[in-house]
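S.K.: Structure incoming, see below.
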Amino acid sequence: MVDAQHPPEVDRAAASRKAVAARRARASLKRDIATRVIWPQAVLRRAKSDPAGPAATMRVTEFLTALPAIGEGKRDRVLAQLEISPVKRLGGLGVRQQKALGAWLDGRFPEPQARAGRSRLVVLAGPTAVGKGTVAAEIKAHHPAMLLSVSATTRPARPGEVEGEHYFFVDDAEFDRLVAAGELLEHATVHNKYRYGTPRGPIERALADGRTVLLEIDLQGARQVRSADPSAALVFLLPPSWDELVHRLVGRGTEGEEERARRLRTARTELAAQHEFDHFVVNDDVARAAAEVAALAR
Ligand code: 5GP
């Protein structure tokens, strides 16, 4: 006899496995919200479009405290102000509540607006280990109309890296000379360690020839390019999730424990700066992400 109150053992095991998976998915989504891998308004949209998914089944209380700089006191005041019961889940909000919450989020976390138009100078930045280098290499191989700028760096070459192809490897004195002579469009010390800079000459020549140029640089460099050339398109490469970013960071295994921790901290800071960017590309598939970046070039 089937008894709803006492389901058979196998069903219970399956149900509990499902519940564990759902909890994990929600925990992962909360990390994405906290680290800004996903914008809060996008979570609301997901809750609507996927009523059984982790966004829809997340409690509104969990959602709010996952947001940057929202503590429990603030959360409770916001819920009272928006007339939303704390036991509600995002998928269970009424239309009026959805609108009220959306409007509050728009005020507090304005969504970055993609800039219209295309640009001749495209800057690809994003958090550490998101795969900027891989996407840039894919563009170089399959979208040859774009020139991939080769940076100068004081970092020693890794095995397999070729002078003039991956980087121009220079010592500190030579880097100082390049800076003093104004030969770099931008330059920065990355991860508090080595210096990197974009040679100005090849870019100016390529632009003069009517080509488009791609810079794969860090956030500090992206900001300098923005002020040097406000028409540059700043593209932010996002990981599919925060957990995936951590996995890629640790999985690479080329850095020690201390270096990994430092890069993780840098990645959090870099994700928090994405509102400065014009375009967002999720690196879930390298070929697709590369095509999306290439399409932004004029
Ligand atoms: P890696 O040493 O792993 O090749 O690169 C480390 C970081 O330096 C990456 O985040 C990369 O984007 C950044 N980077 C590479 N070239 C430049 C550059 O010319 N300027 C700036 N600002 N960052 C760069």
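Each chain in the structure tokens gets a letter, A, B, ..., in the order shown, and its residues are numbered from 1; ligands are numbered from 1 in order too.
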Would you mind listing the residues within 6 Å of ligand 1, counting only C-alpha atoms and all ligand atoms, as a tab-separated table (two decimals) with N, CA and C atoms, in the first residue's frame?
M.R.:
chain	number	residue	atom	x	y	z
A	128	THR	N	41.08	37.30	-12.00
A	128	THR	CA	42.15	36.31	-12.16
A	128	THR	C	41.58	34.93	-12.45
A	151	SER	N	52.25	42.47	-24.60
A	151	SER	CA	52.69	43.34	-23.51
A	151	SER	C	54.16	43.15	-23.19
A	187	HIS	N	50.45	51.01	-17.88
A	187	HIS	CA	51.29	50.01	-17.21
A	187	HIS	C	50.87	49.87	-15.77
A	188	ALA	N	51.11	48.71	-15.18
A	188	ALA	CA	50.66	48.45	-13.82
A	188	ALA	C	51.49	47.34	-13.21
A	190	VAL	N	51.07	44.05	-11.25
A	190	VAL	CA	49.94	43.12	-11.09
A	190	VAL	C	50.25	42.14	-9.97
A	196	TYR	N	53.70	45.10	-15.79
A	196	TYR	CA	53.20	44.77	-17.13
A	196	TYR	C	52.81	46.07	-17.82
A	197	GLY	N	53.02	46.17	-19.11
A	197	GLY	CA	52.63	47.37	-19.81
A	197	GLY	C	52.33	47.11	-21.27
A	198	THR	N	51.49	47.98	-21.86
A	198	THR	CA	51.09	47.83	-23.26
A	198	THR	C	51.92	48.77	-24.14
A	216	GLU	N	44.58	42.44	-23.64
A	216	GLU	CA	44.18	41.55	-22.53
A	216	GLU	C	45.01	41.97	-21.34
A	217	ILE	N	44.42	42.80	-20.49
A	217	ILE	CA	45.19	43.42	-19.40
A	217	ILE	C	44.40	43.40	-18.10
A	218	ASP	N	45.02	43.87	-17.03
A	218	ASP	CA	44.31	43.84	-15.75
A	218	ASP	C	43.46	45.10	-15.59
A	220	GLN	N	43.57	47.69	-13.51
A	220	GLN	CA	44.24	49.00	-13.40
A	220	GLN	C	44.58	49.51	-14.80
A	221	GLY	N	45.04	48.57	-15.65
A	221	GLY	CA	45.37	48.94	-17.03
A	221	GLY	C	44.13	49.37	-17.80
S.K.: Which residues in range 61-280 of chain A does DSSP call alpha helix (DSSP H)? List them as a VMD selection string.
M.R.: chain A and resid 61 to 66 72 to 82 95 to 108 132 to 142 172 to 180 200 to 208 219 to 228 242 to 252 257 to 271
S.K.: If I take CA of Lys18 in chain A and CA of Gly251 in chain A, how far is one from the other in Å, to one decimal?
M.R.: 27.6 Å
S.K.: Range 260-290 of chain A near range 131-139 of chain A within 12 Å: what's each residue's closest atom pair and its distance in Å to one decimal, counting only C-alpha atoms, ordered by chain then ascending residue number, as CSV?
M.R.:
residue,atom,partner,partner_atom,distance
A:Val281,CA,A:Val135,CA,10.6
A:Val282,CA,A:Gly131,CA,10.2
A:Asn283,CA,A:Gly131,CA,7.3
A:Asp284,CA,A:Gly131,CA,9.7
A:Asp285,CA,A:Val135,CA,9.2
A:Val286,CA,A:Val135,CA,5.7
A:Ala287,CA,A:Glu138,CA,6.7
A:Arg288,CA,A:Val135,CA,9.2
A:Ala289,CA,A:Val135,CA,6.9
A:Ala290,CA,A:Val135,CA,5.4
S.K.: Could you please write out, as number ranges by chain, every residue of range 53-232 of chain A that DSSP assigns to strand (DSSP E)?
M.R.: A: 121-125, 146-148, 151-153, 167-169, 184-190, 194-199, 212-216
S.K.: What does the distance between CA of Gly210 in chain A and CA of Glu186 in chain A come to in Å, to one decimal place?
M.R.: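 Answer for the CA of Gly210 in chain A to CA of Glu186 in chain A separation: 21.3 Å.
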S.K.: Which one is closest to Ala273 in chain A: A:Ala208, A:Leu245, A:Ala80, A:Leu234? Count only C-alpha atoms.
M.R.: A:Leu234
S.K.: Please provide as a PDB file with all heavy atoms, in the first residue's frame all residues within 9 Å of range 92-97 of chain A, with the sequence filter that same-chain residues fewer than 3 positions apart are discarded (counting only C-alpha atoms).
M.R.:
ATOM      1  N   ALA A  47      14.409  33.705 -11.059  1.00  0.00           N
ATOM      2  CA  ALA A  47      13.368  33.153 -10.184  1.00  0.00           C
ATOM      3  C   ALA A  47      12.050  33.069 -10.937  1.00  0.00           C
ATOM      4  O   ALA A  47      11.257  32.154 -10.738  1.00  0.00           O
ATOM      5  CB  ALA A  47      13.225  34.019  -8.943  1.00  0.00           C
ATOM      6  N   PRO A  51      10.897  28.396 -12.219  1.00  0.00           N
ATOM      7  CA  PRO A  51      10.194  28.356 -10.931  1.00  0.00           C
ATOM      8  C   PRO A  51      10.669  27.248  -9.993  1.00  0.00           C
ATOM      9  O   PRO A  51      10.394  27.304  -8.797  1.00  0.00           O
ATOM     10  CB  PRO A  51       8.737  28.117 -11.328  1.00  0.00           C
ATOM     11  CG  PRO A  51       8.661  28.313 -12.800  1.00  0.00           C
ATOM     12  CD  PRO A  51      10.027  28.134 -13.369  1.00  0.00           C
ATOM     13  N   ALA A  56      14.456  30.644  -7.554  1.00  0.00           N
ATOM     14  CA  ALA A  56      13.047  30.684  -7.145  1.00  0.00           C
ATOM     15  C   ALA A  56      12.840  30.110  -5.752  1.00  0.00           C
ATOM     16  O   ALA A  56      11.992  30.579  -4.991  1.00  0.00           O
ATOM     17  CB  ALA A  56      12.190  29.921  -8.161  1.00  0.00           C
ATOM     18  N   THR A  57      13.645  29.102  -5.395  1.00  0.00           N
ATOM     19  CA  THR A  57      13.421  28.452  -4.100  1.00  0.00           C
ATOM     20  C   THR A  57      14.248  29.091  -2.983  1.00  0.00           C
ATOM     21  O   THR A  57      14.234  28.620  -1.859  1.00  0.00           O
ATOM     22  CB  THR A  57      13.755  26.948  -4.185  1.00  0.00           C
ATOM     23  OG1 THR A  57      15.105  26.799  -4.647  1.00  0.00           O
ATOM     24  CG2 THR A  57      12.819  26.233  -5.140  1.00  0.00           C
ATOM     25  N   VAL A  60      13.713  34.967   0.542  1.00  0.00           N
ATOM     26  CA  VAL A  60      14.004  36.377   0.300  1.00  0.00           C
ATOM     27  C   VAL A  60      14.998  36.888   1.354  1.00  0.00           C
ATOM     28  O   VAL A  60      15.840  37.750   1.080  1.00  0.00           O
ATOM     29  CB  VAL A  60      12.677  37.181   0.244  1.00  0.00           C
ATOM     30  CG1 VAL A  60      11.984  37.214   1.582  1.00  0.00           C
ATOM     31  CG2 VAL A  60      12.896  38.559  -0.298  1.00  0.00           C
ATOM     32  N   LEU A  82       9.085  47.033   2.125  1.00  0.00           N
ATOM     33  CA  LEU A  82       8.530  46.533   0.870  1.00  0.00           C
ATOM     34  C   LEU A  82       7.288  45.655   1.105  1.00  0.00           C
ATOM     35  O   LEU A  82       6.708  45.137   0.153  1.00  0.00           O
ATOM     36  CB  LEU A  82       9.580  45.732   0.092  1.00  0.00           C
ATOM     37  CG  LEU A  82      10.879  46.464  -0.256  1.00  0.00           C
ATOM     38  CD1 LEU A  82      11.845  45.534  -0.985  1.00  0.00           C
ATOM     39  CD2 LEU A  82      10.597  47.689  -1.120  1.00  0.00           C
ATOM     40  N   GLU A  83       6.935  45.475   2.367  1.00  0.00           N
ATOM     41  CA  GLU A  83       5.776  44.650   2.743  1.00  0.00           C
ATOM     42  C   GLU A  83       5.905  43.234   2.200  1.00  0.00           C
ATOM     43  O   GLU A  83       5.013  42.716   1.528  1.00  0.00           O
ATOM     44  CB  GLU A  83       4.467  45.317   2.295  1.00  0.00           C
ATOM     45  CG  GLU A  83       4.257  46.660   2.993  1.00  0.00           C
ATOM     46  CD  GLU A  83       2.988  47.368   2.534  1.00  0.00           C
ATOM     47  OE1 GLU A  83       2.144  46.739   1.880  1.00  0.00           O
ATOM     48  OE2 GLU A  83       2.850  48.560   2.835  1.00  0.00           O
ATOM     49  N   ILE A  84       7.087  42.648   2.470  1.00  0.00           N
ATOM     50  CA  ILE A  84       7.319  41.265   2.058  1.00  0.00           C
ATOM     51  C   ILE A  84       7.565  40.438   3.321  1.00  0.00           C
ATOM     52  O   ILE A  84       8.425  40.797   4.140  1.00  0.00           O
ATOM     53  CB  ILE A  84       8.533  41.161   1.111  1.00  0.00           C
ATOM     54  CG1 ILE A  84       8.264  41.924  -0.190  1.00  0.00           C
ATOM     55  CG2 ILE A  84       8.864  39.696   0.806  1.00  0.00           C
ATOM     56  CD1 ILE A  84       9.462  41.990  -1.131  1.00  0.00           C
ATOM     57  N   LYS A  88       8.835  34.316   2.765  1.00  0.00           N
ATOM     58  CA  LYS A  88       8.637  34.173   1.307  1.00  0.00           C
ATOM     59  C   LYS A  88       9.895  33.681   0.603  1.00  0.00           C
ATOM     60  O   LYS A  88      11.008  33.991   1.012  1.00  0.00           O
ATOM     61  CB  LYS A  88       8.270  35.540   0.712  1.00  0.00           C
ATOM     62  CG  LYS A  88       6.843  35.931   0.963  1.00  0.00           C
ATOM     63  CD  LYS A  88       5.955  35.399  -0.128  1.00  0.00           C
ATOM     64  CE  LYS A  88       4.509  35.876   0.092  1.00  0.00           C
ATOM     65  NZ  LYS A  88       3.617  35.276  -0.884  1.00  0.00           N
ATOM     66  N   ARG A  89       9.681  32.949  -0.457  1.00  0.00           N
ATOM     67  CA  ARG A  89      10.777  32.594  -1.355  1.00  0.00           C
ATOM     68  C   ARG A  89      10.676  33.490  -2.585  1.00  0.00           C
ATOM     69  O   ARG A  89       9.592  33.987  -2.895  1.00  0.00           O
ATOM     70  CB  ARG A  89      10.697  31.115  -1.751  1.00  0.00           C
ATOM     71  CG  ARG A  89      10.956  30.223  -0.549  1.00  0.00           C
ATOM     72  CD  ARG A  89      10.824  28.746  -0.854  1.00  0.00           C
ATOM     73  NE  ARG A  89      10.879  27.980   0.397  1.00  0.00           N
ATOM     74  CZ  ARG A  89      11.992  27.493   0.942  1.00  0.00           C
ATOM     75  NH1 ARG A  89      13.154  27.662   0.335  1.00  0.00           N
ATOM     76  NH2 ARG A  89      11.958  26.835   2.081  1.00  0.00           N
ATOM     77  N   ALA A 100       8.333  45.912  -6.369  1.00  0.00           N
ATOM     78  CA  ALA A 100       8.894  46.716  -5.280  1.00  0.00           C
ATOM     79  C   ALA A 100      10.348  46.314  -5.018  1.00  0.00           C
ATOM     80  O   ALA A 100      11.227  47.170  -4.868  1.00  0.00           O
ATOM     81  CB  ALA A 100       8.049  46.548  -4.019  1.00  0.00           C
ATOM     82  N   LEU A 101      10.600  45.015  -4.988  1.00  0.00           N
ATOM     83  CA  LEU A 101      11.955  44.539  -4.728  1.00  0.00           C
ATOM     84  C   LEU A 101      12.888  44.936  -5.882  1.00  0.00           C
ATOM     85  O   LEU A 101      14.014  45.391  -5.660  1.00  0.00           O
ATOM     86  CB  LEU A 101      11.947  43.016  -4.532  1.00  0.00           C
ATOM     87  CG  LEU A 101      13.278  42.354  -4.196  1.00  0.00           C
ATOM     88  CD1 LEU A 101      13.923  42.972  -2.962  1.00  0.00           C
ATOM     89  CD2 LEU A 101      13.094  40.843  -3.977  1.00  0.00           C
ATOM     90  N   GLY A 102      12.375  44.788  -7.121  1.00  0.00           N
ATOM     91  CA  GLY A 102      13.164  45.174  -8.297  1.00  0.00           C
ATOM     92  C   GLY A 102      13.540  46.653  -8.248  1.00  0.00           C
ATOM     93  O   GLY A 102      14.686  47.026  -8.503  1.00  0.00           O
TER      94      GLY A 102
END
S.K.: Please determine, counting only C-alpha atoms, which residue among A:Asp106, A:Ala295, A:Pro40, A:Thr254 has the shortest atom-to-atom distance to Met146 in chain A.
M.R.: A:Ala295
S.K.: Using only C-alpha atoms, find the one residue out of A:Ala13, A:Leu215, A:Val250, A:Val78 that sits nearest to Val123 in chain A.
M.R.: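 Nearest candidate to Val123 in chain A out of A:Ala13, A:Leu215, A:Val250, A:Val78: A:Leu215.
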S.K.: Would you compute the distance between CA of Leu249 in chain A and CA of Glu62 in chain A? Give it in Å to one decimal.
M.R.: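 About the pair CA of Leu249 in chain A and CA of Glu62 in chain A: they are 26.9 Å apart.
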S.K.: Report as an MDAnalysis selection string all protein, DNA and RNA residues lying within 9 Å of Ala25 in chain A, evaluated on only C-alpha atoms, omitting residues in the same chain fewer than 6 positions from it.
M.R.: chainID A and resid 53:55
S.K.: Could those residues be written to a file, using N, CA, C and O atoms, as a JSON list (two decimals), in the first residue's frame?
M.R.:
[["chain", "number", "residue", "atom", "x", "y", "z"],
["A", 53, "GLY", "N", 13.99, 26.33, -9.91],
["A", 53, "GLY", "CA", 15.44, 26.47, -9.80],
["A", 53, "GLY", "C", 15.88, 27.08, -8.47],
["A", 53, "GLY", "O", 15.04, 27.47, -7.65],
["A", 54, "PRO", "N", 17.20, 27.17, -8.28],
["A", 54, "PRO", "CA", 17.74, 27.67, -7.01],
["A", 54, "PRO", "C", 17.36, 29.12, -6.70],
["A", 54, "PRO", "O", 17.21, 29.48, -5.54],
["A", 55, "ALA", "N", 17.17, 29.95, -7.74],
["A", 55, "ALA", "CA", 16.79, 31.35, -7.49],
["A", 55, "ALA", "C", 15.37, 31.40, -6.92],
["A", 55, "ALA", "O", 15.10, 32.08, -5.94]]
S.K.: Kindly indicate which residue among A:Asp176, A:Glu111, A:Glu183, A:Asp229 lies nearest to His275 in chain A, using only C-alpha atoms for the distances.
M.R.: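 Once distances to His275 in chain A are computed over only C-alpha atoms, the minimum belongs to A:Glu111.
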S.K.: For Leu184 in chain A, which residue out of A:Ala145, A:Ala22, A:Val225, A:Val162 is the nearest one, using only C-alpha atoms?
M.R.: A:Val225
S.K.: If we count only C-alpha atoms, what is near Ala152 in chain A at a cut-off of 10 Å, once residues fewer than 4 positions away on the same chain are taken out, given as a list in words?
M.R.: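 Near neighbours after the sequence-gap exclusion: Glu163, Gly164, His166, Tyr167, Phe168, Phe169, Val170, Asp171, Glu174, Phe175, Leu178, Leu184, His187, Arg195, Tyr196, Gly197, Thr198 and Pro199 of chain A.
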